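Listing of run.pdb, PDB, C-alpha atoms
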```
ATOM      1  CA  MET N1079      -7.555  47.529 -20.219  1.00  0.00           C
ATOM      2  CA  PHE N1080      -4.146  46.012 -20.438  1.00  0.00           C
ATOM      3  CA  SER N1081      -3.369  46.433 -16.769  1.00  0.00           C
ATOM      4  CA  ARG N1082      -6.707  44.949 -15.867  1.00  0.00           C
ATOM      5  CA  ASP N1083      -5.877  41.780 -17.768  1.00  0.00           C
ATOM      6  CA  LEU N1084      -2.624  41.550 -15.910  1.00  0.00           C
ATOM      7  CA  ASP N1085      -4.469  41.761 -12.623  1.00  0.00           C
ATOM      8  CA  PHE N1086      -6.748  39.035 -13.763  1.00  0.00           C
ATOM      9  CA  ASP N1087      -3.822  36.808 -14.658  1.00  0.00           C
ATOM     10  CA  ARG N1088      -2.182  37.458 -11.354  1.00  0.00           C
ATOM     11  CA  ARG N1089      -5.298  36.508  -9.510  1.00  0.00           C
ATOM     12  CA  PHE N1090      -5.428  33.230 -11.380  1.00  0.00           C
ATOM     13  CA  GLN N1091      -1.820  32.604 -10.672  1.00  0.00           C
ATOM     14  CA  LEU N1092      -2.584  32.831  -6.980  1.00  0.00           C
ATOM     15  CA  VAL N1093      -5.472  30.408  -7.289  1.00  0.00           C
ATOM     16  CA  ASN N1094      -3.316  28.021  -9.267  1.00  0.00           C
ATOM     17  CA  GLN N1095      -0.593  28.213  -6.682  1.00  0.00           C
ATOM     18  CA  LEU N1096      -3.118  27.462  -4.004  1.00  0.00           C
ATOM     19  CA  TRP N1097      -4.359  24.399  -5.850  1.00  0.00           C
ATOM     20  CA  ARG N1098      -0.877  23.170  -6.449  1.00  0.00           C
ATOM     21  CA  GLY N1099      -0.221  23.493  -2.736  1.00  0.00           C
ATOM     22  CA  PHE N1100      -3.344  21.491  -1.962  1.00  0.00           C
ATOM     23  CA  ASP N1101      -2.400  18.795  -4.426  1.00  0.00           C
ATOM     24  CA  ARG N1102       1.016  18.470  -2.915  1.00  0.00           C
ATOM     25  CA  ALA N1103      -0.330  18.312   0.645  1.00  0.00           C
ATOM     26  CA  PHE N1104      -2.762  15.568  -0.238  1.00  0.00           C
ATOM     27  CA  GLN N1105      -0.239  13.628  -2.238  1.00  0.00           C
ATOM     28  CA  GLU N1106       1.913  13.408   0.840  1.00  0.00           C
ATOM     29  CA  LEU N1107      -0.967  12.257   3.012  1.00  0.00           C
ATOM     30  CA  GLU N1108      -2.348   9.756   0.571  1.00  0.00           C
ATOM     31  CA  PRO N1109      -1.474   6.222   1.563  1.00  0.00           C
ATOM     32  CA  ARG N1110       0.587   4.630  -1.120  1.00  0.00           C
ATOM     33  CA  GLY N1111       0.992   1.054  -0.110  1.00  0.00           C
ATOM     34  CA  ALA N1112       1.008  -0.688  -3.421  1.00  0.00           C
ATOM     35  CA  ALA N1113       3.069  -0.144  -6.516  1.00  0.00           C
ATOM     36  CA  GLY N1114       1.398  -0.353  -9.881  1.00  0.00           C
ATOM     37  CA  PRO N1115       1.924  -3.359 -12.100  1.00  0.00           C
ATOM     38  CA  GLU N1116       5.099  -3.346 -14.124  1.00  0.00           C
ATOM     39  CA  LEU N1117       6.243  -5.306 -17.136  1.00  0.00           C
ATOM     40  CA  THR N1118       9.924  -5.108 -17.837  1.00  0.00           C
ATOM     41  CA  ASP N1119      12.240  -6.640 -20.396  1.00  0.00           C
ATOM     42  CA  ASP N1120      15.769  -7.403 -19.243  1.00  0.00           C
ATOM     43  CA  GLY N1121      16.916  -8.844 -22.558  1.00  0.00           C
ATOM     44  CA  GLU N1122      16.690 -12.492 -21.538  1.00  0.00           C
ATOM     45  CA  ARG N1123      13.133 -12.442 -20.188  1.00  0.00           C
ATOM     46  CA  PHE N1124      10.010 -10.429 -19.497  1.00  0.00           C
ATOM     47  CA  VAL N1125       9.215  -9.888 -15.840  1.00  0.00           C
ATOM     48  CA  TYR N1126       5.786  -8.807 -14.706  1.00  0.00           C
ATOM     49  CA  SER N1127       5.341  -7.743 -11.117  1.00  0.00           C
ATOM     50  CA  ALA N1128       2.372  -6.362  -9.201  1.00  0.00           C
ATOM     51  CA  ASP N1129       1.494  -5.741  -5.575  1.00  0.00           C
ATOM     52  CA  LEU N1130      -1.510  -7.840  -4.605  1.00  0.00           C
ATOM     53  CA  PRO N1131      -1.644  -7.739  -0.815  1.00  0.00           C
ATOM     54  CA  GLY N1132      -4.288 -10.038   0.609  1.00  0.00           C
ATOM     55  CA  VAL N1133      -5.035 -11.726  -2.714  1.00  0.00           C
ATOM     56  CA  SER N1134      -4.902 -15.504  -2.510  1.00  0.00           C
ATOM     57  CA  LEU N1135      -3.344 -17.858  -5.024  1.00  0.00           C
ATOM     58  CA  GLU N1136      -6.647 -19.153  -6.357  1.00  0.00           C
ATOM     59  CA  ASP N1137      -7.758 -15.619  -7.219  1.00  0.00           C
ATOM     60  CA  VAL N1138      -4.899 -15.097  -9.667  1.00  0.00           C
ATOM     61  CA  GLU N1139      -4.877 -16.516 -13.181  1.00  0.00           C
ATOM     62  CA  VAL N1140      -1.863 -16.292 -15.457  1.00  0.00           C
ATOM     63  CA  LYS N1141      -2.303 -17.370 -19.059  1.00  0.00           C
ATOM     64  CA  LEU N1142       0.073 -17.466 -21.955  1.00  0.00           C
ATOM     65  CA  ALA N1143      -1.546 -18.077 -25.334  1.00  0.00           C
ATOM     66  CA  GLY N1144       1.031 -17.796 -28.080  1.00  0.00           C
ATOM     67  CA  ASP N1145       2.550 -14.386 -27.509  1.00  0.00           C
ATOM     68  CA  VAL N1146      -0.354 -13.006 -25.465  1.00  0.00           C
ATOM     69  CA  LEU N1147       0.195 -12.855 -21.728  1.00  0.00           C
ATOM     70  CA  THR N1148      -2.973 -12.401 -19.694  1.00  0.00           C
ATOM     71  CA  ILE N1149      -3.065 -11.791 -15.968  1.00  0.00           C
ATOM     72  CA  ALA N1150      -6.437 -11.829 -14.250  1.00  0.00           C
ATOM     73  CA  VAL N1151      -6.970 -10.968 -10.589  1.00  0.00           C
ATOM     74  CA  LYS N1152     -10.280 -11.596  -8.938  1.00  0.00           C
ATOM     75  CA  ALA N1153     -10.143 -10.066  -5.501  1.00  0.00           C
ATOM     76  CA  ALA N1154     -12.909 -10.981  -3.103  1.00  0.00           C
ATOM     77  CA  PRO N1155     -14.334  -8.026  -1.178  1.00  0.00           C
ATOM     78  CA  PRO N1156     -13.566  -8.181   2.550  1.00  0.00           C
ATOM     79  CA  LYS N1157     -16.141  -9.625   4.905  1.00  0.00           C
ATOM     80  CA  LEU N1158     -17.284  -6.879   7.205  1.00  0.00           C
ATOM     81  CA  GLU N1159     -20.289  -8.391   8.967  1.00  0.00           C
ATOM     82  CA  GLY N1160     -20.245  -7.651  12.647  1.00  0.00           C
ATOM     83  CA  TRP N1161     -17.710  -4.861  12.228  1.00  0.00           C
ATOM     84  CA  SER N1162     -18.258  -1.155  12.106  1.00  0.00           C
ATOM     85  CA  VAL N1163     -15.881   0.636   9.793  1.00  0.00           C
ATOM     86  CA  HIS N1164     -13.729   3.520  10.981  1.00  0.00           C
ATOM     87  CA  ARG N1165     -11.447   3.719   8.011  1.00  0.00           C
ATOM     88  CA  ARG N1166     -11.193   1.937   4.693  1.00  0.00           C
ATOM     89  CA  GLU N1167      -8.217   2.728   2.559  1.00  0.00           C
ATOM     90  CA  ARG N1168      -7.273  -0.689   1.265  1.00  0.00           C
ATOM     91  CA  GLN N1169      -8.512  -1.144  -2.247  1.00  0.00           C
ATOM     92  CA  VAL N1170     -10.040  -4.286  -3.600  1.00  0.00           C
ATOM     93  CA  VAL N1171      -8.676  -4.645  -7.094  1.00  0.00           C
ATOM     94  CA  SER N1172     -10.082  -6.970  -9.689  1.00  0.00           C
ATOM     95  CA  SER N1173      -8.510  -6.608 -13.077  1.00  0.00           C
ATOM     96  CA  THR N1174      -7.672  -8.389 -16.278  1.00  0.00           C
ATOM     97  CA  ARG N1175      -4.805  -7.222 -18.427  1.00  0.00           C
ATOM     98  CA  SER N1176      -3.260  -8.618 -21.562  1.00  0.00           C
ATOM     99  CA  TRP N1177      -0.040  -7.880 -23.335  1.00  0.00           C
ATOM    100  CA  VAL N1178       1.108  -8.921 -26.756  1.00  0.00           C
ATOM    101  CA  LEU N1179       4.723  -9.819 -26.227  1.00  0.00           C
ATOM    102  CA  PRO N1180       6.871  -8.514 -29.067  1.00  0.00           C
ATOM    103  CA  VAL N1181       9.060 -11.615 -29.447  1.00  0.00           C
ATOM    104  CA  LYS N1182       8.739 -15.388 -29.236  1.00  0.00           C
ATOM    105  CA  VAL N1183       8.749 -16.692 -25.681  1.00  0.00           C
ATOM    106  CA  ASP N1184       9.423 -19.986 -23.960  1.00  0.00           C
ATOM    107  CA  ALA N1185       5.994 -20.858 -22.560  1.00  0.00           C
ATOM    108  CA  ALA N1186       7.202 -24.042 -20.843  1.00  0.00           C
ATOM    109  CA  ALA N1187       9.772 -22.155 -18.772  1.00  0.00           C
ATOM    110  CA  THR N1188       7.374 -19.441 -17.652  1.00  0.00           C
ATOM    111  CA  THR N1189       6.937 -19.177 -13.893  1.00  0.00           C
ATOM    112  CA  ALA N1190       4.533 -17.302 -11.630  1.00  0.00           C
ATOM    113  CA  ARG N1191       5.057 -16.721  -7.938  1.00  0.00           C
ATOM    114  CA  LEU N1192       3.065 -14.973  -5.211  1.00  0.00           C
ATOM    115  CA  THR N1193       5.233 -14.025  -2.236  1.00  0.00           C
ATOM    116  CA  ASP N1194       4.167 -11.738   0.614  1.00  0.00           C
ATOM    117  CA  GLY N1195       1.482 -10.233  -1.571  1.00  0.00           C
ATOM    118  CA  VAL N1196       3.684  -9.594  -4.597  1.00  0.00           C
ATOM    119  CA  LEU N1197       3.018 -11.426  -7.870  1.00  0.00           C
ATOM    120  CA  THR N1198       6.020 -12.030 -10.103  1.00  0.00           C
ATOM    121  CA  VAL N1199       5.626 -13.660 -13.519  1.00  0.00           C
ATOM    122  CA  THR N1200       8.787 -14.493 -15.423  1.00  0.00           C
ATOM    123  CA  VAL N1201       8.516 -15.234 -19.137  1.00  0.00           C
ATOM    124  CA  PRO N1202      11.854 -16.238 -20.706  1.00  0.00           C
ATOM    125  CA  LYS N1203      12.382 -15.407 -24.360  1.00  0.00           C
ATOM    126  CA  SER N1204      12.956 -18.128 -26.942  1.00  0.00           C
ATOM    127  CA  PRO N1205      16.648 -18.932 -27.339  1.00  0.00           C
ATOM    128  CA  GLU N1206      16.745 -17.436 -30.841  1.00  0.00           C
ATOM    129  CA  GLU N1207      15.356 -14.137 -29.516  1.00  0.00           C
ATOM    130  CA  LYS N1208      17.885 -13.649 -26.753  1.00  0.00           C
ATOM    131  CA  PRO N1209      20.372 -10.896 -27.327  1.00  0.00           C
ATOM    132  CA  ARG N1210      23.552 -11.896 -29.060  1.00  0.00           C
ATOM    133  CA  THR N1211      26.816 -10.138 -28.887  1.00  0.00           C
ATOM    134  CA  ILE N1212      28.436  -9.798 -32.277  1.00  0.00           C
ATOM    135  CA  THR N1213      32.166  -9.810 -32.257  1.00  0.00           C
ATOM    136  CA  VAL N1214      33.686  -7.062 -34.275  1.00  0.00           C
ATOM    137  CA  GLN N1215      36.484  -8.375 -36.446  1.00  0.00           C
ATOM    138  CA  ALA N1216      39.407  -6.465 -37.674  1.00  0.00           C
ATOM    139  CA  SER N1217      39.851  -6.562 -41.396  1.00  0.00           C
TER     140      SER N1217
ATOM    141  CA  MET T 771     -15.883   5.094  23.442  1.00  0.00           C
ATOM    142  CA  SER T 772     -14.225   7.663  21.239  1.00  0.00           C
ATOM    143  CA  HIS T 773     -11.455   6.766  18.865  1.00  0.00           C
ATOM    144  CA  THR T 774      -8.866   9.140  17.715  1.00  0.00           C
ATOM    145  CA  VAL T 775      -6.852   7.946  14.807  1.00  0.00           C
ATOM    146  CA  LYS T 776      -3.977  10.188  13.993  1.00  0.00           C
ATOM    147  CA  ALA T 777      -3.476  11.313  10.451  1.00  0.00           C
ATOM    148  CA  PRO T 778      -0.718   9.348   8.758  1.00  0.00           C
ATOM    149  CA  ASN T 779       2.675  10.555   9.724  1.00  0.00           C
ATOM    150  CA  ARG T 780       4.504  12.662   7.252  1.00  0.00           C
ATOM    151  CA  PRO T 781       7.467  10.801   5.869  1.00  0.00           C
ATOM    152  CA  GLU T 782      10.510  11.892   7.782  1.00  0.00           C
ATOM    153  CA  PRO T 783      13.668  12.619   5.900  1.00  0.00           C
ATOM    154  CA  GLU T 784      16.210   9.939   6.563  1.00  0.00           C
ATOM    155  CA  ALA T 785      19.822  10.709   6.290  1.00  0.00           C
ATOM    156  CA  THR T 786      21.134   7.235   6.881  1.00  0.00           C
ATOM    157  CA  SER T 787      19.078   5.122   4.520  1.00  0.00           C
ATOM    158  CA  ALA T 788      18.074   5.563   0.917  1.00  0.00           C
ATOM    159  CA  ALA T 789      14.731   3.845   1.466  1.00  0.00           C
ATOM    160  CA  GLN T 790      11.633   5.649   0.372  1.00  0.00           C
ATOM    161  CA  VAL T 791       9.213   6.127   3.279  1.00  0.00           C
ATOM    162  CA  LEU T 792       5.610   5.323   2.405  1.00  0.00           C
ATOM    163  CA  THR T 793       2.346   5.295   4.317  1.00  0.00           C
ATOM    164  CA  PRO T 794       0.648   1.912   4.040  1.00  0.00           C
ATOM    165  CA  ALA T 795      -3.092   1.758   3.390  1.00  0.00           C
ATOM    166  CA  VAL T 796      -5.082   0.530   6.386  1.00  0.00           C
ATOM    167  CA  ASP T 797      -8.588  -0.504   7.295  1.00  0.00           C
ATOM    168  CA  ILE T 798      -9.739   0.101  10.848  1.00  0.00           C
ATOM    169  CA  LEU T 799     -12.745  -1.870  12.041  1.00  0.00           C
ATOM    170  CA  GLU T 800     -14.452  -2.216  15.371  1.00  0.00           C
ATOM    171  CA  SER T 801     -16.640  -4.888  16.937  1.00  0.00           C
ATOM    172  CA  ASP T 802     -18.115  -5.147  20.403  1.00  0.00           C
ATOM    173  CA  THR T 803     -15.005  -6.850  21.683  1.00  0.00           C
ATOM    174  CA  ALA T 804     -12.091  -5.560  19.653  1.00  0.00           C
ATOM    175  CA  LEU T 805     -10.570  -3.113  17.211  1.00  0.00           C
ATOM    176  CA  LEU T 806      -9.011  -4.522  14.061  1.00  0.00           C
ATOM    177  CA  VAL T 807      -6.258  -2.763  12.134  1.00  0.00           C
ATOM    178  CA  VAL T 808      -5.517  -4.260   8.716  1.00  0.00           C
ATOM    179  CA  ALA T 809      -2.469  -2.903   6.880  1.00  0.00           C
ATOM    180  CA  ASP T 810      -1.209  -3.646   3.377  1.00  0.00           C
ATOM    181  CA  LEU T 811       2.511  -4.351   3.480  1.00  0.00           C
ATOM    182  CA  PRO T 812       3.222  -5.955   0.095  1.00  0.00           C
ATOM    183  CA  GLY T 813       6.696  -7.381  -0.330  1.00  0.00           C
ATOM    184  CA  VAL T 814       7.519  -7.146   3.364  1.00  0.00           C
ATOM    185  CA  PRO T 815       8.477 -10.487   4.936  1.00  0.00           C
ATOM    186  CA  LYS T 816       7.320 -11.239   8.467  1.00  0.00           C
ATOM    187  CA  ASP T 817      10.778 -10.718   9.945  1.00  0.00           C
ATOM    188  CA  ALA T 818      10.951  -7.185   8.534  1.00  0.00           C
ATOM    189  CA  ILE T 819       7.815  -6.011  10.346  1.00  0.00           C
ATOM    190  CA  LYS T 820       8.064  -4.150  13.624  1.00  0.00           C
ATOM    191  CA  ILE T 821       5.126  -3.277  15.844  1.00  0.00           C
ATOM    192  CA  ASP T 822       5.755  -0.933  18.733  1.00  0.00           C
ATOM    193  CA  VAL T 823       3.475   0.334  21.440  1.00  0.00           C
ATOM    194  CA  ALA T 824       4.809   3.332  23.330  1.00  0.00           C
ATOM    195  CA  GLY T 825       2.321   4.788  25.750  1.00  0.00           C
ATOM    196  CA  ARG T 826      -0.860   4.906  23.710  1.00  0.00           C
ATOM    197  CA  GLU T 827       0.934   5.221  20.405  1.00  0.00           C
ATOM    198  CA  LEU T 828       1.082   2.202  18.134  1.00  0.00           C
ATOM    199  CA  THR T 829       3.652   2.266  15.336  1.00  0.00           C
ATOM    200  CA  LEU T 830       3.854  -0.143  12.426  1.00  0.00           C
ATOM    201  CA  GLU T 831       7.035  -0.412  10.431  1.00  0.00           C
ATOM    202  CA  GLY T 832       7.957  -2.684   7.580  1.00  0.00           C
ATOM    203  CA  ARG T 833      10.961  -2.772   5.330  1.00  0.00           C
ATOM    204  CA  ARG T 834      10.700  -3.927   1.752  1.00  0.00           C
ATOM    205  CA  ALA T 835      13.985  -4.919   0.232  1.00  0.00           C
ATOM    206  CA  GLY T 836      14.719  -4.639  -3.455  1.00  0.00           C
ATOM    207  CA  GLU T 837      16.380  -2.408  -5.989  1.00  0.00           C
ATOM    208  CA  SER T 838      14.559   0.592  -4.555  1.00  0.00           C
ATOM    209  CA  PRO T 839      13.866  -0.299  -0.914  1.00  0.00           C
ATOM    210  CA  ILE T 840      10.693   0.958   0.725  1.00  0.00           C
ATOM    211  CA  GLU T 841      10.086   1.718   4.364  1.00  0.00           C
ATOM    212  CA  TYR T 842       6.426   1.500   5.340  1.00  0.00           C
ATOM    213  CA  ARG T 843       5.570   3.415   8.471  1.00  0.00           C
ATOM    214  CA  ARG T 844       2.412   4.486  10.213  1.00  0.00           C
ATOM    215  CA  SER T 845       1.382   5.463  13.751  1.00  0.00           C
ATOM    216  CA  PHE T 846      -1.946   5.451  15.518  1.00  0.00           C
ATOM    217  CA  ARG T 847      -3.124   6.873  18.798  1.00  0.00           C
ATOM    218  CA  LEU T 848      -4.916   4.053  20.590  1.00  0.00           C
ATOM    219  CA  PRO T 849      -8.173   4.838  22.315  1.00  0.00           C
ATOM    220  CA  LEU T 850      -8.644   4.232  26.029  1.00  0.00           C
ATOM    221  CA  GLY T 851     -10.078   0.840  26.802  1.00  0.00           C
ATOM    222  CA  VAL T 852      -7.750  -1.189  24.605  1.00  0.00           C
ATOM    223  CA  ALA T 853      -6.058  -4.002  26.465  1.00  0.00           C
ATOM    224  CA  LEU T 854      -2.518  -3.099  25.458  1.00  0.00           C
ATOM    225  CA  ASP T 855      -0.976  -6.350  26.665  1.00  0.00           C
ATOM    226  CA  ALA T 856      -3.475  -8.464  24.718  1.00  0.00           C
ATOM    227  CA  ILE T 857      -2.740  -7.108  21.225  1.00  0.00           C
ATOM    228  CA  THR T 858      -2.112  -9.873  18.697  1.00  0.00           C
ATOM    229  CA  ALA T 859      -0.748  -9.734  15.152  1.00  0.00           C
ATOM    230  CA  GLU T 860      -1.188 -12.017  12.178  1.00  0.00           C
ATOM    231  CA  HIS T 861       0.691 -11.815   8.877  1.00  0.00           C
ATOM    232  CA  LYS T 862      -0.433 -13.411   5.638  1.00  0.00           C
ATOM    233  CA  GLY T 863      -0.025 -12.607   1.965  1.00  0.00           C
ATOM    234  CA  GLY T 864       1.517  -9.200   2.540  1.00  0.00           C
ATOM    235  CA  VAL T 865      -1.262  -8.132   4.905  1.00  0.00           C
ATOM    236  CA  LEU T 866      -0.829  -7.470   8.617  1.00  0.00           C
ATOM    237  CA  ARG T 867      -3.860  -7.851  10.876  1.00  0.00           C
ATOM    238  CA  LEU T 868      -3.670  -6.443  14.360  1.00  0.00           C
ATOM    239  CA  THR T 869      -6.366  -7.384  16.841  1.00  0.00           C
ATOM    240  CA  LEU T 870      -6.711  -4.983  19.730  1.00  0.00           C
ATOM    241  CA  PRO T 871      -9.104  -6.461  22.283  1.00  0.00           C
ATOM    242  CA  LYS T 872     -11.116  -4.100  24.406  1.00  0.00           C
ATOM    243  CA  GLN T 873     -10.784  -4.316  28.146  1.00  0.00           C
ATOM    244  CA  SER T 874     -13.654  -6.547  29.189  1.00  0.00           C
ATOM    245  CA  ALA T 875     -14.086  -5.678  32.832  1.00  0.00           C
ATOM    246  CA  GLN T 876     -15.801  -2.353  32.420  1.00  0.00           C
ATOM    247  CA  THR T 877     -18.460  -3.042  34.972  1.00  0.00           C
ATOM    248  CA  THR T 878     -20.151  -0.115  36.594  1.00  0.00           C
ATOM    249  CA  ARG T 879     -19.402   0.401  40.208  1.00  0.00           C
ATOM    250  CA  GLN T 880     -21.743   2.054  42.616  1.00  0.00           C
ATOM    251  CA  ILE T 881     -20.215   4.377  45.096  1.00  0.00           C
ATOM    252  CA  PRO T 882     -22.056   4.505  48.369  1.00  0.00           C
ATOM    253  CA  ILE T 883     -22.563   7.886  49.909  1.00  0.00           C
ATOM    254  CA  SER T 884     -21.814   8.001  53.562  1.00  0.00           C
ATOM    255  CA  VAL T 885     -23.901  10.182  55.753  1.00  0.00           C
ATOM    256  CA  GLY T 886     -21.733  12.829  57.356  1.00  0.00           C
TER     257      GLY T 886
END
```
The structure in this file should be written as C-alpha cells.
Amino acid sequence: MFSRDLDFDRRFQLVNQLWRGFDRAFQELEPRGAAGPELTDDGERFVYSADLPGVSLEDVEVKLAGDVLTIAVKAAPPKLEGWSVHRRERQVVSSTRSWVLPVKVDAAATTARLTDGVLTVTVPKSPEEKPRTITVQAS
Amino acid sequence: MSHTVKAPNRPEPEATSAAQVLTPAVDILESDTALLVVADLPGVPKDAIKIDVAGRELTLEGRRAGESPIEYRRSFRLPLGVALDAITAEHKGGVLRLTLPKQSAQTTRQIPISVG
C-alpha cells in the first residue's frame, strides 16, 4: 500500500514537472511589451508610471481630489475595416484606478506627461510632509 | 499568397549589455494592397528604433533607456510578393507601424507554345 502511494506521488511529480516546463516555455514566448503601472514614493514625491502605447492624450484623465489620485484610460479599439487579421497581440486597455495617497500632496505642482506611449504622473508631497533629517546632537 | 510569420525570437543572452531583451506585442494585418505590422514599443524614442531587412527577414529593434534598460527585438519572415524597397515606417505614441506594400504588377502572362 505504502509503495503504491509513492508511485502515485512520483507520477504526479512528473506531471507537475511537465506543466512547469510548459509554463516556462510559454512565458518566454509570450510578448511582453508593456510594463504594468507602478506607483512609487521617492520621499519627495509620488511617481506613477504606466505604458500606454498608442493611447492618445485625450483618452487619459488624471484627477487629484484631496488625497485621492485617479487615473482613467479610455483606449479606443483599433479600426480594422478593410483589413484581415493575421495576428493580434496588442491589448486595448481601458481602466480606471484610484489611490488614496497616505500624506498631504501639492496638487498645484502635480504634472502629467505622455511621452512615447509612457504616462508619467508626478505628485509632489506638501512641504511639511517631505522627509527631514534630524541632526543628532551631542550632549 | 501564404504568409509565414516566425515565432518570436527567443531572447538571446547578451554578454555586453545589461538590458533585458523583450518581445514586443504586434498586430499583423493584411489588405488587398499591403501588409501592416503594428508593434508596441513604449518608452522607445524614434532614434532608438532600428528596422532591418536582410533577405526576407525583417527585424525590429528598439532600445528603452532608464534605470533598467529594455531591448525590444522581434523578427519576421516576409512572404513573397512584398515590395521590399517600398516598406515605410511611421512612429507615434510608442507605436511603430510598418506598411509593406504588395508588388502590384502580378499580371498573368500567357506563354505561347511553339509547334515543334
Write out as a list in words which residues come within 8 Å of range 828-841 of chain T when counting all atoms listed in the file, dropping same-chain ones fewer than 3 positions away.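 The contact residues come out as Ala788, Ala789, Gln790, Val791, Leu792, Leu811, Pro812, Gly813, Val814, Pro815, Ala818, Ile819, Lys820, Ile821, Asp822, Val823, Ala824, Arg844, Ser845, Phe846, Arg847 and Leu848 of chain T.
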The PyMOL selection byres ((chain T) within 9 of (chain N)) - which residues does that actually catch in the file I just gave you? List them as a ChimeraX atom specification. /T:773,777-781,792-802,805-806,808-816,842,861-865
Test item: residues at most 9 Å from range 1181-1191 of chain N, all atoms listed in the file, excluding those fewer than 6 positions along its chain, as a list of chain:residue names: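 Within the cut-off, the hits are N:Arg1123, N:Phe1124, N:Leu1135, N:Val1140, N:Leu1142, N:Ala1143, N:Gly1144, N:Asp1145, N:Leu1197, N:Thr1198, N:Val1199, N:Thr1200, N:Val1201, N:Pro1202, N:Lys1203, N:Ser1204, N:Pro1205, N:Glu1206, N:Glu1207.
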For a quick check of your reading of the model, name the residues lying within 12 Å of the coordinate (-14.0, -6.8, 28.7), counting all atoms listed in the file, and write them as JSON, numbers by chain. {"T": [802, 803, 804, 851, 852, 853, 856, 870, 871, 872, 873, 874, 875, 876, 877]}
For this file, the PyMOL selection byres ((chain N and resi 1151) around 7) selects which residues, as a PyMOL selection string? chain N and resi 1137-1139+1149-1150+1152-1153+1172-1174
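Computed from the coordinates, the CA of Leu1117 in chain N to CA of Pro1180 in chain N distance equals 12.4 Å.
Our summary of the geometry notes that CA of Glu1136 in chain N is positioned 19.9 Å from CA of Leu866 in chain T.
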May I ask for the distance between CA of Pro1156 in chain N and CA of Pro1115 in chain N, given in Å to one decimal place? 21.9 Å
Could you check which of T:Val807, T:Asp855, T:Ile881, T:Arg843 is closest to Thr869 in chain T, using all atoms listed in the file?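 Among the listed residues, T:Val807 lies closest to Thr869 in chain T.
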